[in-house]
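Here is query.tsv, consisting of TSV, C-alpha atoms:
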chain	number	residue	atom	x	y	z
A	1311	MET	CA	-104.35	12.83	110.96
A	1312	ASN	CA	-108.02	13.68	111.07
A	1313	VAL	CA	-110.28	12.56	108.29
A	1314	ASN	CA	-113.45	14.44	107.33
A	1315	VAL	CA	-116.36	12.51	105.89
A	1316	ASN	CA	-118.12	14.66	103.28
A	1317	GLN	CA	-120.67	12.13	102.09
A	1318	SER	CA	-121.57	8.58	102.93
A	1319	GLY	CA	-124.05	5.86	102.16
A	1320	SER	CA	-124.69	2.17	102.21
A	1321	LEU	CA	-125.83	-0.45	99.74
A	1322	ALA	CA	-126.97	-4.03	100.26
A	1323	VAL	CA	-124.93	-6.59	98.34
A	1324	ARG	CA	-126.89	-9.82	98.51
A	1325	VAL	CA	-127.30	-11.26	95.01
A	1326	GLU	CA	-125.35	-11.11	91.77
A	1327	GLN	CA	-127.49	-8.26	90.43
A	1328	ASP	CA	-126.39	-6.17	93.42
A	1329	VAL	CA	-122.81	-6.34	92.12
A	1330	VAL	CA	-123.96	-4.35	89.10
A	1331	LEU	CA	-125.66	-1.81	91.38
A	1332	ALA	CA	-122.53	-1.52	93.54
A	1333	ARG	CA	-120.47	-0.84	90.41
A	1334	GLN	CA	-122.92	1.79	89.20
A	1335	GLN	CA	-122.94	3.47	92.61
A	1336	ALA	CA	-119.13	3.57	92.70
A	1337	ARG	CA	-119.01	4.92	89.16
A	1338	LYS	CA	-121.53	7.64	90.02
A	1339	ILE	CA	-119.75	8.85	93.17
A	1340	ALA	CA	-116.33	8.73	91.55
A	1341	SER	CA	-117.41	10.72	88.51
A	1342	GLU	CA	-119.21	13.25	90.72
A	1343	GLN	CA	-115.92	13.80	92.52
A	1344	GLY	CA	-114.19	14.33	89.19
A	1345	MET	CA	-112.04	11.21	89.20
A	1346	ARG	CA	-110.04	10.59	86.01
A	1347	LEU	CA	-111.35	7.88	83.69
A	1348	VAL	CA	-108.43	5.51	84.26
A	1349	ASP	CA	-108.61	5.81	88.07
A	1350	LEU	CA	-112.38	5.53	87.94
A	1351	THR	CA	-112.22	2.33	85.89
A	1352	LYS	CA	-109.69	0.87	88.33
A	1353	LEU	CA	-111.85	1.70	91.34
A	1354	VAL	CA	-115.04	0.38	89.72
A	1355	THR	CA	-113.26	-2.85	88.79
A	1356	ALA	CA	-112.00	-3.29	92.36
A	1357	VAL	CA	-115.53	-2.67	93.66
A	1358	SER	CA	-116.81	-5.27	91.21
A	1359	GLU	CA	-114.34	-7.89	92.47
A	1360	LEU	CA	-114.94	-7.24	96.16
A	1361	ALA	CA	-118.73	-7.00	95.82
A	1362	ARG	CA	-118.78	-10.30	93.98
A	1363	ASN	CA	-116.61	-11.90	96.68
A	1364	THR	CA	-119.11	-10.61	99.27
A	1365	VAL	CA	-121.94	-12.35	97.40
A	1366	VAL	CA	-120.17	-15.56	96.36
A	1367	TYR	CA	-117.92	-16.28	99.37
A	1368	GLY	CA	-119.45	-14.14	102.12
A	1369	GLY	CA	-123.03	-15.18	101.44
A	1370	GLY	CA	-124.09	-11.56	100.99
A	1371	GLY	CA	-123.35	-8.40	102.95
A	1372	ASP	CA	-123.21	-4.65	102.57
A	1373	MET	CA	-121.08	-1.97	100.97
A	1374	ASP	CA	-120.58	1.26	102.95
A	1375	TRP	CA	-119.09	4.14	100.99
A	1376	GLN	CA	-117.63	7.46	102.05
A	1377	VAL	CA	-116.26	10.51	100.31
A	1378	ILE	CA	-113.43	11.55	102.64
A	1379	GLU	CA	-111.10	14.51	102.91
A	1380	GLN	CA	-107.70	14.30	104.51
A	1381	SER	CA	-105.11	17.10	104.50
A	1382	GLY	CA	-106.64	18.71	101.44
A	1383	ARG	CA	-107.08	15.68	99.25
A	1384	ILE	CA	-110.34	13.95	98.42
A	1385	GLY	CA	-110.75	10.20	98.36
A	1386	LEU	CA	-113.32	7.46	98.13
A	1387	ARG	CA	-113.40	4.84	100.84
A	1388	MET	CA	-115.49	1.67	100.60
A	1389	LEU	CA	-116.08	-1.00	103.21
A	1390	PHE	CA	-117.32	-4.44	102.17
A	1391	ARG	CA	-118.59	-6.41	105.12
A	1392	ASP	CA	-120.21	-9.81	105.40
A	1393	GLU	CA	-121.03	-12.28	108.13
A	1394	GLY	CA	-119.74	-15.23	106.13
A	1395	PRO	CA	-117.25	-17.96	107.05
A	1396	GLY	CA	-114.28	-15.56	106.99
A	1397	ILE	CA	-110.84	-16.35	105.59
A	1398	ALA	CA	-108.61	-18.79	107.48
A	1399	ASP	CA	-105.30	-18.09	105.75
A	1400	THR	CA	-105.12	-14.48	104.60
A	1401	ARG	CA	-101.60	-14.90	103.22
A	1402	LEU	CA	-102.82	-17.68	100.94
A	1403	ALA	CA	-105.94	-15.69	100.00
A	1404	LEU	CA	-103.70	-12.81	98.94
A	1405	THR	CA	-101.64	-15.03	96.63
A	1406	ASP	CA	-102.10	-14.55	92.89
A	1407	GLY	CA	-103.92	-17.44	91.29
A	1408	TRP	CA	-105.14	-19.08	94.48
A	1409	THR	CA	-108.90	-19.54	94.81
A	1410	SER	CA	-111.18	-21.49	97.11
A	1411	GLY	CA	-113.88	-21.34	94.45
A	1412	SER	CA	-113.88	-21.59	90.68
A	1413	GLY	CA	-112.61	-18.12	89.73
A	1414	LEU	CA	-109.22	-17.09	88.41
A	1415	GLY	CA	-107.89	-16.35	91.90
A	1416	LEU	CA	-107.05	-12.76	91.01
A	1417	GLY	CA	-110.01	-10.88	92.47
A	1418	LEU	CA	-108.65	-10.08	95.93
A	1419	THR	CA	-105.03	-9.49	94.90
A	1420	GLY	CA	-106.12	-7.64	91.77
A	1421	ALA	CA	-108.39	-5.37	93.79
A	1422	ARG	CA	-105.51	-4.65	96.16
A	1423	ARG	CA	-103.33	-3.53	93.25
A	1424	LEU	CA	-106.12	-1.35	91.83
A	1425	VAL	CA	-106.52	0.88	94.89
A	1426	ASP	CA	-104.23	3.04	97.06
A	1427	GLU	CA	-105.11	1.54	100.45
A	1428	PHE	CA	-106.35	-1.95	101.18
A	1429	ASP	CA	-107.22	-3.38	104.56
A	1430	LEU	CA	-108.38	-6.94	105.17
A	1431	ASP	CA	-109.94	-7.78	108.53
A	1432	THR	CA	-111.15	-11.36	108.84
A	1433	ALA	CA	-111.07	-14.50	110.95
A	1434	PRO	CA	-112.69	-17.92	110.58
A	1435	GLY	CA	-116.35	-17.64	111.61
A	1436	GLN	CA	-116.06	-13.89	112.14
A	1437	GLY	CA	-117.03	-12.67	108.67
A	1438	THR	CA	-114.88	-10.47	106.46
A	1439	ARG	CA	-114.38	-6.70	106.34
A	1440	ILE	CA	-112.39	-5.20	103.50
A	1441	THR	CA	-111.73	-1.46	103.32
A	1442	ILE	CA	-110.34	0.14	100.18
A	1443	THR	CA	-109.42	3.77	99.55
A	1444	ARG	CA	-108.62	5.50	96.31
A	1445	TRP	CA	-107.41	9.10	96.37
A	1446	ILE	CA	-108.34	11.53	93.65
B	405	MET	CA	-168.31	-13.20	114.27
B	406	ALA	CA	-169.68	-9.80	113.51
B	407	THR	CA	-171.61	-9.41	110.30
B	408	LEU	CA	-172.52	-6.48	108.14
B	409	GLN	CA	-175.87	-4.98	109.12
B	410	GLY	CA	-178.53	-4.36	106.51
B	411	SER	CA	-178.69	-0.75	107.55
B	412	THR	CA	-174.98	-0.29	106.79
B	413	LEU	CA	-175.59	-1.54	103.29
B	414	GLU	CA	-178.62	0.72	102.96
B	415	ALA	CA	-176.58	3.69	104.05
B	416	ILE	CA	-173.83	2.94	101.49
B	417	LYS	CA	-176.36	2.59	98.70
B	418	ASN	CA	-178.28	5.74	99.61
B	419	ASN	CA	-175.20	7.89	99.96
B	420	GLN	CA	-173.21	6.69	96.96
B	421	ASP	CA	-172.86	10.12	95.34
B	422	GLN	CA	-171.65	11.76	98.52
B	423	LEU	CA	-169.21	8.91	99.23
B	424	LEU	CA	-167.91	9.13	95.71
B	425	ASP	CA	-167.18	12.86	95.93
B	426	GLN	CA	-165.37	12.55	99.24
B	427	TRP	CA	-163.44	9.52	98.02
B	428	ILE	CA	-162.25	11.27	94.84
B	429	ASN	CA	-161.31	14.36	96.87
B	430	SER	CA	-159.25	12.24	99.21
B	431	LEU	CA	-157.55	10.47	96.29
B	432	GLU	CA	-156.72	13.74	94.60
B	433	SER	CA	-155.33	15.43	97.67
B	434	ASN	CA	-152.94	12.50	98.14
B	435	GLY	CA	-151.66	12.47	94.58
B	436	ALA	CA	-153.05	9.03	93.85
B	437	THR	CA	-154.69	10.29	90.65
B	438	ARG	CA	-151.52	11.17	88.76
B	439	ASN	CA	-151.80	10.52	84.99
B	440	LEU	CA	-155.45	9.56	85.40
B	441	LYS	CA	-158.17	11.18	83.38
B	442	GLU	CA	-161.09	12.70	85.30
B	443	HIS	CA	-163.79	10.55	83.69
B	444	GLU	CA	-161.68	7.40	84.03
B	445	LEU	CA	-161.31	7.96	87.74
B	446	ARG	CA	-165.03	8.62	88.13
B	447	GLN	CA	-165.82	5.47	86.19
B	448	GLN	CA	-163.45	3.37	88.30
B	449	THR	CA	-164.61	4.70	91.65
B	450	SER	CA	-168.32	4.50	90.91
B	451	GLY	CA	-167.85	1.08	89.31
B	452	PHE	CA	-166.11	-0.16	92.42
B	453	LEU	CA	-168.75	1.22	94.82
B	454	GLN	CA	-171.49	-0.39	92.74
B	455	LEU	CA	-169.71	-3.74	92.75
B	456	LEU	CA	-168.97	-3.50	96.45
B	457	ALA	CA	-172.60	-2.77	97.30
B	458	ASN	CA	-173.84	-5.60	95.09
B	459	GLY	CA	-171.24	-8.00	96.42
B	460	LEU	CA	-172.14	-7.17	100.01
B	461	GLN	CA	-175.82	-7.62	99.32
B	462	GLN	CA	-175.43	-11.09	97.89
B	463	ALA	CA	-172.92	-12.22	100.45
B	464	ASP	CA	-173.84	-13.97	103.65
B	465	ASP	CA	-170.77	-12.61	105.37
B	466	ALA	CA	-168.63	-9.61	104.60
B	467	THR	CA	-165.78	-11.45	102.87
B	468	GLY	CA	-167.90	-13.96	100.96
B	469	ASN	CA	-169.07	-13.17	97.48
B	470	ALA	CA	-166.37	-10.71	96.56
B	471	GLU	CA	-165.06	-12.53	93.50
B	472	GLU	CA	-166.27	-9.83	91.12
B	473	VAL	CA	-164.79	-7.10	93.29
B	474	ARG	CA	-161.46	-8.88	93.34
B	475	ARG	CA	-161.39	-9.30	89.57
B	476	PHE	CA	-162.18	-5.61	89.22
B	477	LEU	CA	-159.27	-4.72	91.52
B	478	GLU	CA	-156.88	-7.00	89.65
B	479	LYS	CA	-157.70	-5.22	86.40
B	480	LEU	CA	-157.30	-1.87	88.13
B	481	SER	CA	-153.90	-2.78	89.61
B	482	ALA	CA	-152.65	-3.95	86.24
B	483	SER	CA	-153.62	-0.67	84.61
B	484	ARG	CA	-152.02	1.33	87.45
B	485	ALA	CA	-148.79	-0.65	87.17
B	486	GLN	CA	-148.64	0.14	83.46
B	487	LEU	CA	-149.27	3.84	84.18
B	488	GLY	CA	-146.19	3.78	86.39
B	489	HIS	CA	-147.95	4.25	89.73
B	490	ASP	CA	-146.15	2.81	92.73
B	491	SER	CA	-147.68	0.24	95.06
B	492	HIS	CA	-148.54	2.90	97.63
B	493	GLN	CA	-150.55	4.96	95.18
B	494	THR	CA	-152.31	1.88	93.88
B	495	ALA	CA	-153.27	0.59	97.32
B	496	TYR	CA	-154.42	4.06	98.31
B	497	PHE	CA	-157.28	3.69	95.84
B	498	ILE	CA	-158.91	1.40	98.41
B	499	PHE	CA	-157.65	2.93	101.62
B	500	ALA	CA	-158.86	6.41	100.66
B	501	LEU	CA	-162.40	5.08	100.86
B	502	LYS	CA	-162.04	4.40	104.58
B	503	GLY	CA	-162.40	8.01	105.73
B	504	PRO	CA	-165.65	8.81	103.89
B	505	LEU	CA	-167.14	5.41	104.73
B	506	PHE	CA	-166.30	5.66	108.42
B	507	SER	CA	-167.81	9.12	108.79
B	508	LEU	CA	-170.93	7.86	107.05
B	509	LEU	CA	-171.22	4.97	109.50
B	510	GLN	CA	-170.65	7.34	112.38
B	511	ARG	CA	-173.67	9.33	111.29
B	512	VAL	CA	-175.85	6.27	110.76
B	513	TYR	CA	-175.04	4.67	114.11
B	514	ALA	CA	-174.70	7.89	116.10
B	515	ASP	CA	-176.80	6.57	118.96
B	516	GLN	CA	-175.66	2.94	118.91
B	517	PRO	CA	-171.95	2.96	119.89
B	518	ALA	CA	-171.64	-0.82	120.27
B	519	LEU	CA	-173.06	-1.44	116.82
B	520	LEU	CA	-170.91	1.35	115.38
B	521	ALA	CA	-167.73	-0.25	116.71
B	522	GLU	CA	-168.74	-3.62	115.33
B	523	GLN	CA	-169.64	-2.27	111.91
B	524	LEU	CA	-166.45	-0.21	111.73
B	525	LEU	CA	-164.43	-3.33	112.42
B	526	VAL	CA	-166.23	-5.33	109.72
B	527	VAL	CA	-165.89	-2.62	107.09
B	528	SER	CA	-162.27	-1.97	108.05
B	529	GLU	CA	-161.36	-5.65	107.76
B	530	LEU	CA	-163.08	-5.88	104.39
B	531	LEU	CA	-161.29	-2.83	103.00
B	532	ASP	CA	-157.95	-4.02	104.39
B	533	SER	CA	-158.25	-7.37	102.71
B	534	LEU	CA	-159.26	-5.71	99.44
B	535	GLY	CA	-156.32	-3.32	99.77
B	536	MET	CA	-153.91	-6.20	100.32
B	537	HIS	CA	-155.39	-7.96	97.33
B	538	THR	CA	-154.77	-4.86	95.22
B	539	VAL	CA	-151.12	-4.71	96.28
B	540	ARG	CA	-150.66	-8.40	95.56
B	541	ALA	CA	-152.19	-8.05	92.10
B	542	TYR	CA	-150.04	-4.99	91.47
B	543	GLN	CA	-146.93	-6.94	92.47
B	544	ILE	CA	-147.79	-9.79	90.12
B	545	THR	CA	-148.20	-7.38	87.20
B	546	ARG	CA	-144.91	-5.67	87.95
B	547	GLU	CA	-143.09	-8.98	88.18
B	548	ALA	CA	-144.51	-10.03	84.84
B	549	VAL	CA	-143.23	-6.77	83.32
B	550	ILE	CA	-139.76	-7.34	84.78
B	551	ARG	CA	-139.63	-10.95	83.58
B	552	ARG	CA	-140.62	-9.92	80.08
B	553	GLN	CA	-137.97	-7.20	80.00
B	554	GLN	CA	-135.30	-9.63	81.19
B	555	GLU	CA	-136.18	-12.04	78.42
B	556	GLU	CA	-136.17	-9.25	75.85
B	557	LEU	CA	-132.77	-8.08	77.08
B	558	LEU	CA	-131.37	-11.58	76.83
B	559	GLU	CA	-132.58	-11.76	73.23
B	560	LEU	CA	-131.23	-8.32	72.43
B	561	SER	CA	-127.85	-9.03	73.88
B	562	THR	CA	-126.55	-11.50	71.35
B	563	PRO	CA	-126.52	-10.11	67.84
B	564	VAL	CA	-123.89	-12.07	65.92
B	565	VAL	CA	-123.23	-10.24	62.65
B	566	LYS	CA	-121.34	-11.25	59.55
B	567	LEU	CA	-118.67	-8.65	58.80
B	568	TRP	CA	-116.90	-10.29	55.88
B	569	ASP	CA	-116.77	-13.66	54.16
B	570	GLY	CA	-115.64	-15.96	56.95
B	571	VAL	CA	-115.58	-13.23	59.62
B	572	LEU	CA	-118.23	-12.97	62.35
B	573	ALA	CA	-118.49	-10.17	64.90
B	574	LEU	CA	-120.19	-10.13	68.28
B	575	PRO	CA	-120.57	-6.67	69.83
B	576	LEU	CA	-120.98	-7.13	73.58
B	577	ILE	CA	-122.88	-4.46	75.49
B	578	GLY	CA	-123.38	-3.98	79.22
B	579	THR	CA	-122.92	-6.52	81.98
B	580	LEU	CA	-121.70	-10.04	81.41
B	581	ASP	CA	-123.26	-12.11	84.16
B	582	SER	CA	-123.13	-15.89	84.07
B	583	GLN	CA	-126.46	-16.36	82.35
B	584	ARG	CA	-125.78	-13.80	79.64
B	585	SER	CA	-122.30	-14.98	78.89
B	586	GLN	CA	-123.68	-18.51	78.50
B	587	THR	CA	-126.25	-17.28	75.95
B	588	VAL	CA	-123.62	-15.22	74.17
B	589	MET	CA	-121.18	-18.12	73.93
B	590	GLU	CA	-123.85	-20.52	72.67
B	591	SER	CA	-125.15	-18.25	69.95
B	592	LEU	CA	-121.65	-17.37	68.76
B	593	LEU	CA	-120.53	-21.02	68.59
B	594	GLN	CA	-123.73	-21.96	66.77
B	595	ARG	CA	-123.23	-19.19	64.20
B	596	ILE	CA	-119.65	-20.34	63.62
B	597	VAL	CA	-120.96	-23.82	62.79
B	598	ASP	CA	-123.80	-22.45	60.62
B	599	THR	CA	-121.65	-20.09	58.55
B	600	GLY	CA	-118.35	-21.94	58.55
B	601	ALA	CA	-116.64	-18.75	59.67
B	602	GLU	CA	-112.91	-18.93	60.32
B	603	ILE	CA	-112.51	-15.86	62.49
B	604	ALA	CA	-114.78	-14.47	65.20
B	605	ILE	CA	-114.31	-10.95	66.57
B	606	ILE	CA	-115.67	-10.22	70.05
B	607	ASP	CA	-115.99	-6.46	70.52
B	608	ILE	CA	-116.03	-5.29	74.15
B	609	THR	CA	-116.32	-1.55	73.48
B	610	GLY	CA	-119.75	-1.60	75.14
B	611	VAL	CA	-118.58	-3.41	78.28
B	612	PRO	CA	-117.80	-0.71	80.88
B	613	THR	CA	-116.07	-2.96	83.41
B	614	VAL	CA	-113.76	-5.87	82.60
B	615	ASP	CA	-113.14	-7.70	85.87
B	616	THR	CA	-111.84	-11.20	86.49
B	617	LEU	CA	-115.26	-12.81	85.92
B	618	VAL	CA	-115.68	-11.13	82.52
B	619	ALA	CA	-112.09	-12.10	81.64
B	620	GLN	CA	-112.76	-15.69	82.66
B	621	HIS	CA	-115.84	-15.81	80.43
B	622	LEU	CA	-113.88	-14.34	77.53
B	623	LEU	CA	-111.04	-16.85	78.00
B	624	LYS	CA	-113.51	-19.75	78.03
B	625	THR	CA	-115.26	-18.48	74.92
B	626	VAL	CA	-111.96	-18.06	73.06
B	627	THR	CA	-110.88	-21.57	74.05
B	628	ALA	CA	-114.17	-23.03	72.85
B	629	ILE	CA	-113.91	-21.17	69.52
B	630	ARG	CA	-110.38	-22.50	68.99
B	631	LEU	CA	-111.52	-26.03	69.79
B	632	MET	CA	-113.94	-25.67	66.91
B	633	GLY	CA	-111.09	-24.84	64.55
B	634	ALA	CA	-111.81	-21.13	64.25
B	635	ASP	CA	-109.82	-18.20	65.59
B	636	CYS	CA	-110.86	-15.32	67.81
B	637	ILE	CA	-109.88	-11.66	68.10
B	638	ILE	CA	-110.99	-9.42	70.95
B	639	SER	CA	-111.44	-5.78	70.01
B	640	GLY	CA	-112.48	-2.63	71.86
B	641	VAL	CA	-109.75	-2.77	74.51
B	642	ARG	CA	-109.64	0.90	75.57
B	643	PRO	CA	-106.65	2.44	77.40
B	644	GLN	CA	-108.33	2.43	80.83
B	645	ILE	CA	-109.41	-1.19	80.37
B	646	ALA	CA	-105.89	-2.18	79.31
B	647	GLN	CA	-104.36	-0.56	82.42
B	648	THR	CA	-106.93	-2.17	84.68
B	649	ILE	CA	-106.29	-5.60	83.20
B	650	VAL	CA	-102.56	-5.18	83.85
B	651	HIS	CA	-103.14	-4.22	87.50
B	652	LEU	CA	-105.58	-7.07	88.00
B	653	GLY	CA	-102.80	-9.41	86.91
B	654	LEU	CA	-104.85	-10.98	84.13
B	655	ASP	CA	-102.85	-12.79	81.49
B	656	LEU	CA	-104.58	-12.31	78.15
B	657	SER	CA	-101.38	-12.70	76.15
B	658	SER	CA	-102.67	-15.90	74.56
B	659	ILE	CA	-105.49	-13.92	72.94
B	660	THR	CA	-105.13	-11.56	70.00
B	661	THR	CA	-106.53	-8.18	71.06
B	662	LYS	CA	-107.05	-4.91	69.21
B	663	ALA	CA	-108.04	-1.41	70.29
B	664	ASN	CA	-110.95	-1.13	67.88
B	665	LEU	CA	-113.16	-3.16	65.60
B	666	ALA	CA	-111.70	-1.72	62.37
B	667	ASP	CA	-108.19	-2.90	63.27
B	668	ALA	CA	-109.54	-6.31	64.21
B	669	LEU	CA	-111.35	-6.63	60.87
B	670	LYS	CA	-108.22	-5.55	58.99
B	671	LEU	CA	-106.21	-8.23	60.78
B	672	ALA	CA	-108.90	-10.85	60.15
B	673	ILE	CA	-108.96	-10.12	56.40
B	674	LYS	CA	-105.17	-10.25	56.25
B	675	ARG	CA	-105.15	-13.65	57.93
B	676	LEU	CA	-107.82	-14.95	55.55
B	677	ASP	CA	-105.82	-13.67	52.52
B	678	VAL	CA	-102.63	-15.27	53.79
B	679	GLY	CA	-104.49	-18.53	54.31
B	680	ASP	CA	-105.97	-18.37	50.80
B	681	SER	CA	-102.70	-17.61	49.03
B	682	ALA	CA	-100.92	-20.34	50.98
B	683	ARG	CA	-103.55	-22.80	49.80
B	684	GLY	CA	-103.89	-21.39	46.30
Show how you would write the structure in this file as structure tokens.
Amino acid sequence: MNVNVNQSGSLAVRVEQDVVLARQQARKIASEQGMRLVDLTKLVTAVSELARNTVVYGGGGDMDWQVIEQSGRIGLRMLFRDEGPGIADTRLALTDGWTSGSGLGLGLTGARRLVDEFDLDTAPGQGTRITITRWI
Amino acid sequence: MATLQGSTLEAIKNNQDQLLDQWINSLESNGATRNLKEHELRQQTSGFLQLLANGLQQADDATGNAEEVRRFLEKLSASRAQLGHDSHQTAYFIFALKGPLFSLLQRVYADQPALLAEQLLVVSELLDSLGMHTVRAYQITREAVIRRQQEELLELSTPVVKLWDGVLALPLIGTLDSQRSQTVMESLLQRIVDTGAEIAIIDITGVPTVDTLVAQHLLKTVTAIRLMGADCIISGVRPQIAQTIVHLGLDLSSITTKANLADALKLAIKRLDVGDSARG
């Protein structure tokens, strides 16, 4: 299935303030594409969680975003990438309530439930790449 | 080390008017005069040339006695930053002088190429260092503006209001980062002590995104309020926020929540009445 990229961009996510900018960027693109308020809020919240993980656990990274088109439907795809320590046990990391830090342990799993597609690509010492897609 | 020749200085002094015109032309054609009044610009440019010539005259070497020039540039940068000019436009004030000055030197030293090269280097280095100084001063002013705004925002963000006898409300607006939520929690807890309030309402209508960090801050605040013997209601939970919270897997069932502030106040008054009649 071929995917067309209509628009794309990138945003540095290095410090906590960048999380706010990432959220605003996601909100802007999603509302430009006419996403419904509920879906938009879900996507923005997922972006907020993943961007914060990039800063707190990944030591900073980038967010690449794309407006994509596949067999007639429009979607937003975001890639969060960092060069941090990576995740050793992805099954554990995707367990509700488990955290290696001081959070609630719901960010990663919550984000997964908030979007349509979720892909986690990580290994110890290899950094982390998370791709999420939400269709409109 | 090359030094500035007396004849260079002479040439600058004797051709001030011409330099000034070319300089202003160059500034205008590059849009570095936006929002500036004509006479202001003339005053600034001629003032700077005067200072530069004086400074060079008194100095033993080209970078020496430039204290007055630097102070002048600092004042200029500050005023440009307040006018909303960017760093490029501000620095261009100095760099735009290069062209006119270089062509002047070229004319003066037309038959002495070695001296011309040397003098060009000296003047160029001087202008570069002054330009850098301008940018640095501009940066400092901008940072001061940002710091002040941050402090103002922090102050603005925590208005705890009394809604009823024994009922306090805290309308939250915008982003809840760690520093802000700390300030918010402190001022709310302090007001509960000061007023002896029994119920605090935290209204999140103005918070566009409720993620796990915001939820964690809210949970901590509610726990702290309960530890002080008061109760807490969270209002302003809109439909999209409610659905998001469910998908995130957040458990806020231990907290009383309401869709809007009016409902929360109604509930608070009812609880106070029940408490009073039970006592009375």
Find, counting only C-alpha atoms, the residue in A:Val1377, A:Val1323, A:Ala1433, A:Leu1416 that gets nearest to Gln1343 (chain A).
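Checking each candidate against Gln1343 (chain A), we get A:Val1377 as the closest.
Atom to atom, CA of Asn664 (chain B) and CA of Val641 (chain B) stand 6.9 Å apart.
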Near-Arg1387 (chain A) list (9 Å; all atoms listed in the file; drop same-chain fewer than 5 positions) as a PyMOL selection string
chain A and resi 1374-1378+1427+1441-1445
With C-alpha atoms kept, could you save the residues just selected as a PDB file, keeping the file's coordinate frame?
ATOM      1  CA  ASP A1374    -120.580   1.260 102.950  1.00  0.00           C
ATOM      2  CA  TRP A1375    -119.090   4.140 100.990  1.00  0.00           C
ATOM      3  CA  GLN A1376    -117.630   7.460 102.050  1.00  0.00           C
ATOM      4  CA  VAL A1377    -116.260  10.510 100.310  1.00  0.00           C
ATOM      5  CA  ILE A1378    -113.430  11.550 102.640  1.00  0.00           C
ATOM      6  CA  GLU A1427    -105.110   1.540 100.450  1.00  0.00           C
ATOM      7  CA  THR A1441    -111.730  -1.460 103.320  1.00  0.00           C
ATOM      8  CA  ILE A1442    -110.340   0.140 100.180  1.00  0.00           C
ATOM      9  CA  THR A1443    -109.420   3.770  99.550  1.00  0.00           C
ATOM     10  CA  ARG A1444    -108.620   5.500  96.310  1.00  0.00           C
ATOM     11  CA  TRP A1445    -107.410   9.100  96.370  1.00  0.00           C
TER      12      TRP A1445
END
Quick one: distance from CA of Ile544 (chain B) to CA of Gln447 (chain B) in Å, one decimal?
23.9 Å
Taking only C-alpha atoms into account, produce a table as a Markdown table in which each residue of chain A with an atom at most 7 Å from an atom of chain B appears once, together with its shortest atom pair and the distance in Å to one decimal, ordered by chain and rising number.
| residue | atom | partner | partner_atom | distance |
| --- | --- | --- | --- | --- |
| A:Leu1347 | CA | B:Gln644 | CA | 6.9 |
| A:Val1348 | CA | B:Gln644 | CA | 4.6 |
| A:Thr1351 | CA | B:Gln644 | CA | 6.4 |
| A:Lys1352 | CA | B:Thr648 | CA | 5.5 |
| A:Thr1355 | CA | B:Asp615 | CA | 5.7 |
| A:Ser1358 | CA | B:Asp615 | CA | 6.9 |
| A:Glu1359 | CA | B:Asp615 | CA | 6.7 |
| A:Leu1414 | CA | B:Thr616 | CA | 6.7 |
| A:Leu1416 | CA | B:Leu652 | CA | 6.6 |
| A:Gly1417 | CA | B:Thr616 | CA | 6.3 |
| A:Gly1420 | CA | B:Leu652 | CA | 3.9 |
| A:Ala1421 | CA | B:Leu652 | CA | 6.7 |
| A:Arg1423 | CA | B:His651 | CA | 5.8 |
| A:Leu1424 | CA | B:His651 | CA | 6.0 |
Output file for the residues above (C-alpha atoms, as a compact mmCIF listing (two decimals), in the frame of the given file):
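Writing the result to result.txt gives the following:
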# COMPACT_ATOMS: atom_id res chain seq x y z
CA LEU A 1347 -111.35 7.88 83.69
CA VAL A 1348 -108.43 5.51 84.26
CA THR A 1351 -112.22 2.33 85.89
CA LYS A 1352 -109.69 0.87 88.33
CA THR A 1355 -113.26 -2.85 88.79
CA SER A 1358 -116.81 -5.27 91.21
CA GLU A 1359 -114.34 -7.89 92.47
CA LEU A 1414 -109.22 -17.09 88.41
CA LEU A 1416 -107.05 -12.76 91.01
CA GLY A 1417 -110.01 -10.88 92.47
CA GLY A 1420 -106.12 -7.64 91.77
CA ALA A 1421 -108.39 -5.37 93.79
CA ARG A 1423 -103.33 -3.53 93.25
CA LEU A 1424 -106.12 -1.35 91.83
N, CA and C atoms are what I want for region 546-552 of chain B; can you complete it accordingly and write them as an mmCIF file, keeping the file's coordinate frame?
data_model
loop_
_atom_site.group_PDB
_atom_site.id
_atom_site.type_symbol
_atom_site.label_atom_id
_atom_site.label_comp_id
_atom_site.auth_asym_id
_atom_site.auth_seq_id
_atom_site.Cartn_x
_atom_site.Cartn_y
_atom_site.Cartn_z
ATOM 1 N N ARG B 546 -146.251 -6.235 88.064
ATOM 2 C CA ARG B 546 -144.910 -5.670 87.950
ATOM 3 C C ARG B 546 -143.875 -6.769 87.693
ATOM 4 N N GLU B 547 -144.040 -7.893 88.383
ATOM 5 C CA GLU B 547 -143.090 -8.980 88.180
ATOM 6 C C GLU B 547 -143.152 -9.514 86.756
ATOM 7 N N ALA B 548 -144.366 -9.566 86.220
ATOM 8 C CA ALA B 548 -144.510 -10.030 84.840
ATOM 9 C C ALA B 548 -143.797 -9.076 83.885
ATOM 10 N N VAL B 549 -143.904 -7.774 84.161
ATOM 11 C CA VAL B 549 -143.230 -6.770 83.320
ATOM 12 C C VAL B 549 -141.721 -6.973 83.374
ATOM 13 N N ILE B 550 -141.202 -7.165 84.605
ATOM 14 C CA ILE B 550 -139.760 -7.340 84.780
ATOM 15 C C ILE B 550 -139.267 -8.597 84.061
ATOM 16 N N ARG B 551 -140.034 -9.692 84.224
ATOM 17 C CA ARG B 551 -139.630 -10.950 83.580
ATOM 18 C C ARG B 551 -139.566 -10.787 82.069
ATOM 19 N N ARG B 552 -140.582 -10.103 81.519
ATOM 20 C CA ARG B 552 -140.620 -9.920 80.080
ATOM 21 C C ARG B 552 -139.413 -9.098 79.621
#
